[in-house]
Amino acid sequence: MNTLNRRAFLNKSALSLGSVVLGSAVLGSSCKSRKENPVATLSGNIDCNNLGTTLMHEHILWFAGPMEENAGYTPIPDDLETETVDFAVSLLNDAARVGIETVVDLTPFRPIKLYARIAERTPVNIIASTGFYRRSKVPKWMADMDDEKQMEERMLKELTDGIDDTKIRAGIIKVAGEGGTDWEKKTFRAAALVNKAIGTPIATHSGSDAFDQFNLLLKSGANPHRILYSHVDVGRKGKPGDLLTIAKEGGYLEVDTFGQNFYTPWNELVSFLRSFCDAGFAGKVIISIDSNWHWENKEKIFEGAGPPNFDPNAANRTFAYMMTDAVPMLLKSGFSSKEINTFLVDNPQKFFSGVS
């Protein structure tokens, strides 16, 4: 059995906030002059002006092992529910202490009432997603949904009325690439129709297929300025290639492999990010961590800890890692505080506001 983890599939100590010179004087709002633009969070609406330092691609909880041979959807065991909530809260509060203000959760299937319990115990804004992940990794009821109209209606319901039997609304749409299957294309077309109808932004799980996703979403009516393509540095050898076209057309590009040289070596990651800045597209780059962990034999396993990578530092890549490790590394590699502010504050605000 091939043992590719979920991002490799696409391409077959702590420092304080002040010590990384990104205090509030630097990480300020960039859309003060924009009209009010509410974004739904687990705790109610928040204006885009108030998102602050934002991680745009994260997972509060994760429900599938990262290996190809793992079962797709693995619910949290009942006897681990309390510990799960406590641990998720601790990760979010650690992030808050170093300056993270908003986390976008891109798991489009989740026990929303469990999420609500987590949100009650943290100052971090949590934006939930609707949509679809890879068909092999989602609950059976979702994998069996094959009607494009039904997909569209589900997303609209979770964005406008509420998730399950709650009034908690999703604030973003998530769709994922898995080889361009017919089912996948239906999810993308449905997401594009919802985006066109009510303007909700889309985030994709992508990589080498980002340009194909770009073409499909635009052909289906989506607004290019409200699409975020994730994990786009993986397998690029530091070269932007056709992703520059996406940036020119208004799309956003997200990078999250900090500390994971088995995905993208650091020198390639720096070269990749720098190429967009030098080309005048810093305003289209978003950085995040994509932190995720799951239960395996009653142990907490972070992505990369198991085969094939066996990363001994995998558990360090929490939400707080952005400020304690990734940002200092970027500063040492020549990125300015202004550029990092653009990645973490300005661009998420623009993305949710719909400003080009």
# chains A, B, ... in the order shown; residues from 1 in each chain; ligands from 1
>>> closest_atom_pairs(of="segment 72-157 of chain A", to="segment 323-332 of chain A", cutoff="10 Å", atoms="only C-alpha atoms", output="tab-separated table")
residue	atom	partner	partner_atom	distance
A:Ala95	CA	A:Met323	CA	8.2
A:Arg97	CA	A:Met323	CA	10.0
A:Val98	CA	A:Met323	CA	6.4
A:Gly99	CA	A:Met323	CA	7.4
A:Ile100	CA	A:Met323	CA	7.9
>>> select_by_dssp(residues="segment 172-333 of chain A", states="alpha helix (DSSP H)", output="PyMOL selection string")
chain A and resi 182-198+210-219+243-248+266-278+321+327-332
>>> closest_residue(among="A:Asp86, A:Asp164, A:Asp146, A:Asp346", to="Ala119 of chain A", atoms="only C-alpha atoms")
A:Asp86
>>> closest_atom_pairs(of="segment 265-339 of chain A", to="segment 236-242 of chain A", cutoff="6 Å", atoms="only C-alpha atoms", output="CSV")
residue,atom,partner,partner_atom,distance
A:Glu268,CA,A:Gly238,CA,4.2
A:Leu269,CA,A:Gly238,CA,5.9
A:Ser271,CA,A:Gly238,CA,5.2
A:Phe272,CA,A:Gly238,CA,4.3
>>> select_by_dssp(residues="segment 253-352 of chain A", states="strand (DSSP E)", output="list in words")
Leu253, Glu254, Val255, Val285, Ile286, Ile287, Trp293, His294, Trp295, Glu296, Glu299, Lys300, Ile301 and Phe302 of chain A
>>> write_last_selection(atoms="all heavy atoms", output="CSV table (one decimal), in the first residue's frame")
chain,number,residue,atom,x,y,z
A,253,LEU,N,-3.0,32.8,-3.0
A,253,LEU,CA,-2.2,31.6,-2.9
A,253,LEU,C,-1.7,31.4,-1.5
A,253,LEU,O,-1.1,32.3,-0.9
A,253,LEU,CB,-1.0,31.7,-3.9
A,253,LEU,CG,-1.5,32.0,-5.3
A,253,LEU,CD1,-0.3,32.5,-6.2
A,253,LEU,CD2,-2.0,30.7,-6.0
A,254,GLU,N,-2.0,30.2,-1.0
A,254,GLU,CA,-1.7,29.9,0.5
A,254,GLU,C,-0.5,28.9,0.6
A,254,GLU,O,-0.5,27.9,-0.1
A,254,GLU,CB,-2.9,29.4,1.2
A,254,GLU,CG,-2.8,29.3,2.7
A,254,GLU,CD,-2.5,27.8,3.1
A,254,GLU,OE1,-2.7,26.9,2.2
A,254,GLU,OE2,-2.0,27.7,4.2
A,255,VAL,N,0.4,29.2,1.5
A,255,VAL,CA,1.6,28.4,1.8
A,255,VAL,C,1.6,28.0,3.3
A,255,VAL,O,1.4,28.9,4.1
A,255,VAL,CB,2.9,29.1,1.4
A,255,VAL,CG1,4.1,28.4,1.9
A,255,VAL,CG2,2.9,29.3,-0.1
A,285,VAL,N,-0.6,36.7,-1.4
A,285,VAL,CA,0.0,35.5,-0.7
A,285,VAL,C,-0.5,35.5,0.7
A,285,VAL,O,-0.6,36.5,1.4
A,285,VAL,CB,1.5,35.7,-0.7
A,285,VAL,CG1,2.2,34.6,0.2
A,285,VAL,CG2,2.1,35.6,-2.1
A,286,ILE,N,-0.9,34.3,1.1
A,286,ILE,CA,-1.4,34.1,2.5
A,286,ILE,C,-0.6,32.9,3.1
A,286,ILE,O,-0.3,31.9,2.4
A,286,ILE,CB,-2.9,33.7,2.5
A,286,ILE,CG1,-3.7,35.1,2.3
A,286,ILE,CG2,-3.3,33.0,3.7
A,286,ILE,CD1,-5.2,34.9,2.1
A,287,ILE,N,-0.2,33.0,4.3
A,287,ILE,CA,0.6,32.0,5.0
A,287,ILE,C,-0.2,31.4,6.2
A,287,ILE,O,-0.9,32.2,6.9
A,287,ILE,CB,2.0,32.4,5.4
A,287,ILE,CG1,1.9,33.6,6.4
A,287,ILE,CG2,2.8,32.8,4.2
A,287,ILE,CD1,3.3,34.1,6.9
A,293,TRP,N,-4.2,17.4,14.0
A,293,TRP,CA,-3.9,16.2,14.8
A,293,TRP,C,-5.1,15.3,14.8
A,293,TRP,O,-6.2,15.7,14.6
A,293,TRP,CB,-3.4,16.5,16.2
A,293,TRP,CG,-4.4,17.2,17.0
A,293,TRP,CD1,-4.8,18.5,17.0
A,293,TRP,CD2,-5.3,16.6,17.9
A,293,TRP,NE1,-5.8,18.7,17.9
A,293,TRP,CE2,-6.2,17.6,18.5
A,293,TRP,CE3,-5.5,15.2,18.4
A,293,TRP,CZ2,-7.2,17.3,19.4
A,293,TRP,CZ3,-6.5,15.0,19.3
A,293,TRP,CH2,-7.3,16.0,19.8
A,294,HIS,N,-4.9,14.0,15.1
A,294,HIS,CA,-6.0,13.1,15.2
A,294,HIS,C,-5.6,12.0,16.3
A,294,HIS,O,-4.5,11.9,16.7
A,294,HIS,CB,-6.3,12.4,13.9
A,294,HIS,CG,-5.1,11.5,13.4
A,294,HIS,ND1,-4.0,12.0,12.8
A,294,HIS,CD2,-5.0,10.1,13.5
A,294,HIS,CE1,-3.2,11.0,12.5
A,294,HIS,NE2,-3.7,9.8,13.0
A,295,TRP,N,-6.6,11.3,16.7
A,295,TRP,CA,-6.4,10.2,17.7
A,295,TRP,C,-6.0,9.0,17.0
A,295,TRP,O,-6.7,8.6,16.0
A,295,TRP,CB,-7.7,10.0,18.5
A,295,TRP,CG,-8.0,11.0,19.5
A,295,TRP,CD1,-9.0,12.0,19.4
A,295,TRP,CD2,-7.4,11.3,20.7
A,295,TRP,NE1,-9.0,12.8,20.5
A,295,TRP,CE2,-8.0,12.4,21.4
A,295,TRP,CE3,-6.3,10.7,21.4
A,295,TRP,CZ2,-7.6,12.9,22.6
A,295,TRP,CZ3,-5.9,11.2,22.6
A,295,TRP,CH2,-6.5,12.3,23.2
A,296,GLU,N,-5.0,8.3,17.5
A,296,GLU,CA,-4.6,7.0,16.9
A,296,GLU,C,-4.2,6.1,18.1
A,296,GLU,O,-3.2,6.4,18.8
A,296,GLU,CB,-3.4,7.2,15.9
A,296,GLU,CG,-3.2,6.0,15.0
A,296,GLU,CD,-2.2,6.4,13.9
A,296,GLU,OE1,-2.6,7.3,13.1
A,296,GLU,OE2,-1.2,5.7,13.8
A,299,GLU,N,-3.7,8.0,21.2
A,299,GLU,CA,-2.5,9.0,21.3
A,299,GLU,C,-2.8,10.1,20.3
A,299,GLU,O,-3.4,9.9,19.2
A,299,GLU,CB,-1.2,8.3,20.9
A,299,GLU,CG,-0.7,7.3,21.9
A,299,GLU,CD,0.7,6.8,21.6
A,299,GLU,OE1,1.3,7.4,20.7
A,299,GLU,OE2,1.1,5.8,22.2
A,300,LYS,N,-2.4,11.3,20.6
A,300,LYS,CA,-2.5,12.5,19.7
A,300,LYS,C,-1.4,12.4,18.7
A,300,LYS,O,-0.2,12.5,19.1
A,300,LYS,CB,-2.5,13.8,20.5
A,300,LYS,CG,-3.5,13.9,21.6
A,300,LYS,CD,-3.4,15.2,22.3
A,300,LYS,CE,-4.3,15.2,23.6
A,300,LYS,NZ,-3.8,14.4,24.7
A,301,ILE,N,-1.7,12.4,17.4
A,301,ILE,CA,-0.8,12.3,16.4
A,301,ILE,C,-0.9,13.5,15.5
A,301,ILE,O,-1.9,13.7,14.9
A,301,ILE,CB,-0.9,11.0,15.5
A,301,ILE,CG1,-0.9,9.7,16.4
A,301,ILE,CG2,0.1,10.9,14.5
A,301,ILE,CD1,0.4,9.5,17.1
A,302,PHE,N,0.2,14.3,15.4
A,302,PHE,CA,0.2,15.4,14.5
A,302,PHE,C,0.7,15.0,13.1
A,302,PHE,O,1.5,14.0,13.0
A,302,PHE,CB,1.1,16.5,15.0
A,302,PHE,CG,0.5,17.4,16.1
A,302,PHE,CD1,0.3,16.9,17.4
A,302,PHE,CD2,0.0,18.7,15.7
A,302,PHE,CE1,-0.3,17.7,18.3
A,302,PHE,CE2,-0.6,19.5,16.7
A,302,PHE,CZ,-0.7,19.0,18.0
>>> atom_distance(atom1="atom CA of Leu159 of chain A", atom2="atom CA of Leu243 of chain A")
28.9 Å
>>> residues_around(residues="Arg110 of chain A", least_positions_apart="5", cutoff="12 Å", atoms="only C-alpha atoms", output="list in words")
His59, Ile60, Leu61, Trp62, Phe63, Ala64, Tyr73, Thr74, Pro75, Ile76, Asp105, Tyr115, Ala116, Ala128, Ser129, Thr130, Gly131, Phe132, Tyr133, Val138, Pro139, Met142, Ile163, Asp164 and Ala170 of chain A
>>> closest_residue(among="A:Glu152, A:Glu101, A:Glu83, A:Asp47", to="Asn195 of chain A", atoms="only C-alpha atoms")
A:Glu152
>>> residues_around(residues="Lys219 of chain A", least_positions_apart="5", cutoff="12 Å", atoms="only C-alpha atoms", output="PyMOL selection string")
chain A and resi 185+188-190+192-193+196+212-214+224
>>> write_last_selection(atoms="N, CA, C and O atoms", output="short mmCIF file (atom, residue, chain, number, x, y, z; two decimals), in the first residue's frame")
data_model
loop_
_atom_site.label_atom_id
_atom_site.label_comp_id
_atom_site.auth_asym_id
_atom_site.auth_seq_id
_atom_site.Cartn_x
_atom_site.Cartn_y
_atom_site.Cartn_z
N LYS A 185 -15.54 17.41 -9.41
CA LYS A 185 -15.93 18.52 -10.26
C LYS A 185 -17.31 19.04 -9.89
O LYS A 185 -17.57 20.26 -9.97
N PHE A 188 -16.90 21.37 -6.96
CA PHE A 188 -16.33 22.65 -7.37
C PHE A 188 -17.37 23.51 -8.07
O PHE A 188 -17.46 24.73 -7.82
N ARG A 189 -18.14 22.90 -8.96
CA ARG A 189 -19.16 23.68 -9.66
C ARG A 189 -20.23 24.19 -8.70
O ARG A 189 -20.68 25.34 -8.79
N ALA A 190 -20.62 23.35 -7.75
CA ALA A 190 -21.61 23.77 -6.75
C ALA A 190 -21.06 24.92 -5.90
O ALA A 190 -21.77 25.89 -5.62
N ALA A 192 -18.82 27.10 -6.79
CA ALA A 192 -18.77 28.30 -7.63
C ALA A 192 -20.14 28.95 -7.74
O ALA A 192 -20.25 30.19 -7.70
N LEU A 193 -21.19 28.15 -7.86
CA LEU A 193 -22.54 28.70 -7.95
C LEU A 193 -22.94 29.41 -6.67
O LEU A 193 -23.57 30.46 -6.70
N LYS A 196 -21.04 32.66 -6.52
CA LYS A 196 -21.65 33.63 -7.44
C LYS A 196 -22.95 34.19 -6.87
O LYS A 196 -23.24 35.38 -7.02
N ASP A 212 -5.77 23.99 -12.77
CA ASP A 212 -6.97 23.32 -13.27
C ASP A 212 -8.18 23.72 -12.42
O ASP A 212 -9.28 23.94 -12.96
N GLN A 213 -7.98 23.82 -11.11
CA GLN A 213 -9.06 24.25 -10.24
C GLN A 213 -9.48 25.68 -10.57
O GLN A 213 -10.68 26.00 -10.61
N PHE A 214 -8.49 26.52 -10.79
CA PHE A 214 -8.72 27.92 -11.16
C PHE A 214 -9.62 28.00 -12.41
O PHE A 214 -10.62 28.73 -12.42
N PRO A 224 -12.80 35.34 -9.08
CA PRO A 224 -11.41 34.98 -8.84
C PRO A 224 -10.80 35.64 -7.62
O PRO A 224 -9.86 35.11 -7.02
#
>>> residues_around(residues="Ser288 of chain A", least_positions_apart="2", cutoff="6 Å", atoms="only C-alpha atoms", output="mmCIF file with C-alpha atoms, in the first residue's frame")
data_model
loop_
_atom_site.group_PDB
_atom_site.id
_atom_site.type_symbol
_atom_site.label_atom_id
_atom_site.label_comp_id
_atom_site.auth_asym_id
_atom_site.auth_seq_id
_atom_site.Cartn_x
_atom_site.Cartn_y
_atom_site.Cartn_z
ATOM 1 C CA LEU A 55 -4.435 31.795 10.032
ATOM 2 C CA MET A 56 -6.442 30.995 6.922
ATOM 3 C CA HIS A 57 -5.946 27.224 6.654
ATOM 4 C CA ASP A 256 1.766 26.327 4.991
#
>>> closest_residue(among="A:Glu58, A:Asp278, A:Glu153, A:Glu148", to="Ala88 of chain A", atoms="only C-alpha atoms")
A:Glu58
>>> decode(residues="segment 48-90 of chain A", atoms="N, CA and C atoms", output="PDB file, in the first residue's frame")
ATOM      1  N   CYS A  48     -14.733  42.331   8.939  1.00  0.00           N
ATOM      2  CA  CYS A  48     -13.429  41.977   8.391  1.00  0.00           C
ATOM      3  C   CYS A  48     -12.329  42.859   8.970  1.00  0.00           C
ATOM      4  N   ASN A  49     -12.678  44.098   9.367  1.00  0.00           N
ATOM      5  CA  ASN A  49     -11.697  44.998   9.965  1.00  0.00           C
ATOM      6  C   ASN A  49     -11.111  44.442  11.250  1.00  0.00           C
ATOM      7  N   ASN A  50     -11.846  43.552  11.898  1.00  0.00           N
ATOM      8  CA  ASN A  50     -11.462  43.086  13.222  1.00  0.00           C
ATOM      9  C   ASN A  50     -10.918  41.664  13.251  1.00  0.00           C
ATOM     10  N   LEU A  51     -10.616  41.101  12.087  1.00  0.00           N
ATOM     11  CA  LEU A  51     -10.069  39.745  12.052  1.00  0.00           C
ATOM     12  C   LEU A  51      -8.679  39.690  12.665  1.00  0.00           C
ATOM     13  N   GLY A  52      -7.890  40.729  12.486  1.00  0.00           N
ATOM     14  CA  GLY A  52      -6.535  40.758  13.038  1.00  0.00           C
ATOM     15  C   GLY A  52      -5.627  39.734  12.385  1.00  0.00           C
ATOM     16  N   THR A  53      -4.640  39.277  13.134  1.00  0.00           N
ATOM     17  CA  THR A  53      -3.691  38.290  12.634  1.00  0.00           C
ATOM     18  C   THR A  53      -4.430  36.966  12.431  1.00  0.00           C
ATOM     19  N   THR A  54      -4.447  36.494  11.189  1.00  0.00           N
ATOM     20  CA  THR A  54      -5.347  35.401  10.807  1.00  0.00           C
ATOM     21  C   THR A  54      -4.594  34.231  10.181  1.00  0.00           C
ATOM     22  N   LEU A  55      -4.907  33.035  10.661  1.00  0.00           N
ATOM     23  CA  LEU A  55      -4.435  31.795  10.032  1.00  0.00           C
ATOM     24  C   LEU A  55      -5.579  31.277   9.169  1.00  0.00           C
ATOM     25  N   MET A  56      -5.360  31.248   7.859  1.00  0.00           N
ATOM     26  CA  MET A  56      -6.442  30.995   6.922  1.00  0.00           C
ATOM     27  C   MET A  56      -6.671  29.529   6.590  1.00  0.00           C
ATOM     28  N   HIS A  57      -5.758  28.645   6.981  1.00  0.00           N
ATOM     29  CA  HIS A  57      -5.946  27.224   6.654  1.00  0.00           C
ATOM     30  C   HIS A  57      -5.517  26.377   7.838  1.00  0.00           C
ATOM     31  N   GLU A  58      -6.485  26.062   8.702  1.00  0.00           N
ATOM     32  CA  GLU A  58      -6.204  25.279   9.905  1.00  0.00           C
ATOM     33  C   GLU A  58      -7.317  24.268  10.143  1.00  0.00           C
ATOM     34  N   HIS A  59      -7.103  23.423  11.153  1.00  0.00           N
ATOM     35  CA  HIS A  59      -8.103  22.424  11.539  1.00  0.00           C
ATOM     36  C   HIS A  59      -8.160  22.376  13.058  1.00  0.00           C
ATOM     37  N   ILE A  60      -9.278  22.830  13.610  1.00  0.00           N
ATOM     38  CA  ILE A  60      -9.457  22.764  15.062  1.00  0.00           C
ATOM     39  C   ILE A  60      -9.439  21.307  15.506  1.00  0.00           C
ATOM     40  N   LEU A  61     -10.174  20.486  14.771  1.00  0.00           N
ATOM     41  CA  LEU A  61     -10.163  19.029  14.972  1.00  0.00           C
ATOM     42  C   LEU A  61     -10.016  18.381  13.603  1.00  0.00           C
ATOM     43  N   TRP A  62      -9.499  17.171  13.587  1.00  0.00           N
ATOM     44  CA  TRP A  62      -9.326  16.446  12.325  1.00  0.00           C
ATOM     45  C   TRP A  62      -9.864  15.040  12.521  1.00  0.00           C
ATOM     46  N   PHE A  63     -10.468  14.474  11.490  1.00  0.00           N
ATOM     47  CA  PHE A  63     -11.225  13.240  11.670  1.00  0.00           C
ATOM     48  C   PHE A  63     -10.785  12.091  10.790  1.00  0.00           C
ATOM     49  N   ALA A  64      -9.567  12.155  10.267  1.00  0.00           N
ATOM     50  CA  ALA A  64      -9.055  11.048   9.476  1.00  0.00           C
ATOM     51  C   ALA A  64      -7.547  10.983   9.629  1.00  0.00           C
ATOM     52  N   GLY A  65      -7.028   9.781   9.728  1.00  0.00           N
ATOM     53  CA  GLY A  65      -5.582   9.621   9.744  1.00  0.00           C
ATOM     54  C   GLY A  65      -4.995  10.119   8.434  1.00  0.00           C
ATOM     55  N   PRO A  66      -3.753  10.563   8.437  1.00  0.00           N
ATOM     56  CA  PRO A  66      -3.182  11.184   7.247  1.00  0.00           C
ATOM     57  C   PRO A  66      -2.687  10.206   6.190  1.00  0.00           C
ATOM     58  N   MET A  67      -2.716   8.908   6.478  1.00  0.00           N
ATOM     59  CA  MET A  67      -2.160   7.953   5.522  1.00  0.00           C
ATOM     60  C   MET A  67      -3.231   7.431   4.571  1.00  0.00           C
ATOM     61  N   GLU A  68      -2.815   7.079   3.381  1.00  0.00           N
ATOM     62  CA  GLU A  68      -3.741   6.588   2.367  1.00  0.00           C
ATOM     63  C   GLU A  68      -4.492   5.329   2.819  1.00  0.00           C
ATOM     64  N   GLU A  69      -3.836   4.515   3.648  1.00  0.00           N
ATOM     65  CA  GLU A  69      -4.476   3.271   4.043  1.00  0.00           C
ATOM     66  C   GLU A  69      -5.406   3.435   5.236  1.00  0.00           C
ATOM     67  N   ASN A  70      -5.412   4.624   5.861  1.00  0.00           N
ATOM     68  CA  ASN A  70      -6.298   4.847   7.000  1.00  0.00           C
ATOM     69  C   ASN A  70      -7.750   4.914   6.548  1.00  0.00           C
ATOM     70  N   ALA A  71      -8.631   4.611   7.469  1.00  0.00           N
ATOM     71  CA  ALA A  71     -10.052   4.780   7.180  1.00  0.00           C
ATOM     72  C   ALA A  71     -10.318   6.251   6.908  1.00  0.00           C
ATOM     73  N   GLY A  72     -11.341   6.511   6.090  1.00  0.00           N
ATOM     74  CA  GLY A  72     -11.617   7.893   5.729  1.00  0.00           C
ATOM     75  C   GLY A  72     -12.044   8.740   6.903  1.00  0.00           C
ATOM     76  N   TYR A  73     -13.262   8.536   7.374  1.00  0.00           N
ATOM     77  CA  TYR A  73     -13.802   9.360   8.451  1.00  0.00           C
ATOM     78  C   TYR A  73     -13.733   8.584   9.756  1.00  0.00           C
ATOM     79  N   THR A  74     -13.013   9.138  10.723  1.00  0.00           N
ATOM     80  CA  THR A  74     -12.850   8.469  12.013  1.00  0.00           C
ATOM     81  C   THR A  74     -13.345   9.396  13.116  1.00  0.00           C
ATOM     82  N   PRO A  75     -14.590   9.242  13.572  1.00  0.00           N
ATOM     83  CA  PRO A  75     -15.125  10.135  14.602  1.00  0.00           C
ATOM     84  C   PRO A  75     -14.318  10.067  15.894  1.00  0.00           C
ATOM     85  N   ILE A  76     -14.395  11.124  16.678  1.00  0.00           N
ATOM     86  CA  ILE A  76     -13.711  11.157  17.966  1.00  0.00           C
ATOM     87  C   ILE A  76     -14.404  10.200  18.931  1.00  0.00           C
ATOM     88  N   PRO A  77     -13.658   9.306  19.566  1.00  0.00           N
ATOM     89  CA  PRO A  77     -14.271   8.370  20.520  1.00  0.00           C
ATOM     90  C   PRO A  77     -14.948   9.120  21.670  1.00  0.00           C
ATOM     91  N   ASP A  78     -16.096   8.618  22.100  1.00  0.00           N
ATOM     92  CA  ASP A  78     -16.852   9.279  23.164  1.00  0.00           C
ATOM     93  C   ASP A  78     -16.023   9.469  24.433  1.00  0.00           C
ATOM     94  N   ASP A  79     -15.197   8.478  24.758  1.00  0.00           N
ATOM     95  CA  ASP A  79     -14.443   8.576  26.010  1.00  0.00           C
ATOM     96  C   ASP A  79     -13.272   9.561  25.922  1.00  0.00           C
ATOM     97  N   LEU A  80     -13.020  10.082  24.735  1.00  0.00           N
ATOM     98  CA  LEU A  80     -11.946  11.064  24.568  1.00  0.00           C
ATOM     99  C   LEU A  80     -12.483  12.460  24.253  1.00  0.00           C
ATOM    100  N   GLU A  81     -13.792  12.626  24.321  1.00  0.00           N
ATOM    101  CA  GLU A  81     -14.400  13.893  23.934  1.00  0.00           C
ATOM    102  C   GLU A  81     -13.943  15.051  24.816  1.00  0.00           C
ATOM    103  N   THR A  82     -13.976  14.860  26.127  1.00  0.00           N
ATOM    104  CA  THR A  82     -13.580  15.939  27.034  1.00  0.00           C
ATOM    105  C   THR A  82     -12.121  16.320  26.845  1.00  0.00           C
ATOM    106  N   GLU A  83     -11.243  15.325  26.730  1.00  0.00           N
ATOM    107  CA  GLU A  83      -9.827  15.606  26.523  1.00  0.00           C
ATOM    108  C   GLU A  83      -9.606  16.289  25.174  1.00  0.00           C
ATOM    109  N   THR A  84     -10.399  15.906  24.184  1.00  0.00           N
ATOM    110  CA  THR A  84     -10.300  16.527  22.864  1.00  0.00           C
ATOM    111  C   THR A  84     -10.606  18.016  22.949  1.00  0.00           C
ATOM    112  N   VAL A  85     -11.703  18.350  23.601  1.00  0.00           N
ATOM    113  CA  VAL A  85     -12.089  19.758  23.752  1.00  0.00           C
ATOM    114  C   VAL A  85     -11.028  20.521  24.524  1.00  0.00           C
ATOM    115  N   ASP A  86     -10.569  19.951  25.626  1.00  0.00           N
ATOM    116  CA  ASP A  86      -9.557  20.627  26.445  1.00  0.00           C
ATOM    117  C   ASP A  86      -8.277  20.888  25.650  1.00  0.00           C
ATOM    118  N   PHE A  87      -7.862  19.905  24.857  1.00  0.00           N
ATOM    119  CA  PHE A  87      -6.624  20.058  24.103  1.00  0.00           C
ATOM    120  C   PHE A  87      -6.782  21.106  23.003  1.00  0.00           C
ATOM    121  N   ALA A  88      -7.909  21.076  22.312  1.00  0.00           N
ATOM    122  CA  ALA A  88      -8.156  22.070  21.264  1.00  0.00           C
ATOM    123  C   ALA A  88      -8.168  23.477  21.848  1.00  0.00           C
ATOM    124  N   VAL A  89      -8.786  23.632  23.005  1.00  0.00           N
ATOM    125  CA  VAL A  89      -8.821  24.940  23.670  1.00  0.00           C
ATOM    126  C   VAL A  89      -7.413  25.393  24.032  1.00  0.00           C
ATOM    127  N   SER A  90      -6.601  24.472  24.539  1.00  0.00           N
ATOM    128  CA  SER A  90      -5.233  24.841  24.928  1.00  0.00           C
ATOM    129  C   SER A  90      -4.416  25.310  23.727  1.00  0.00           C
TER     130      SER A  90
END
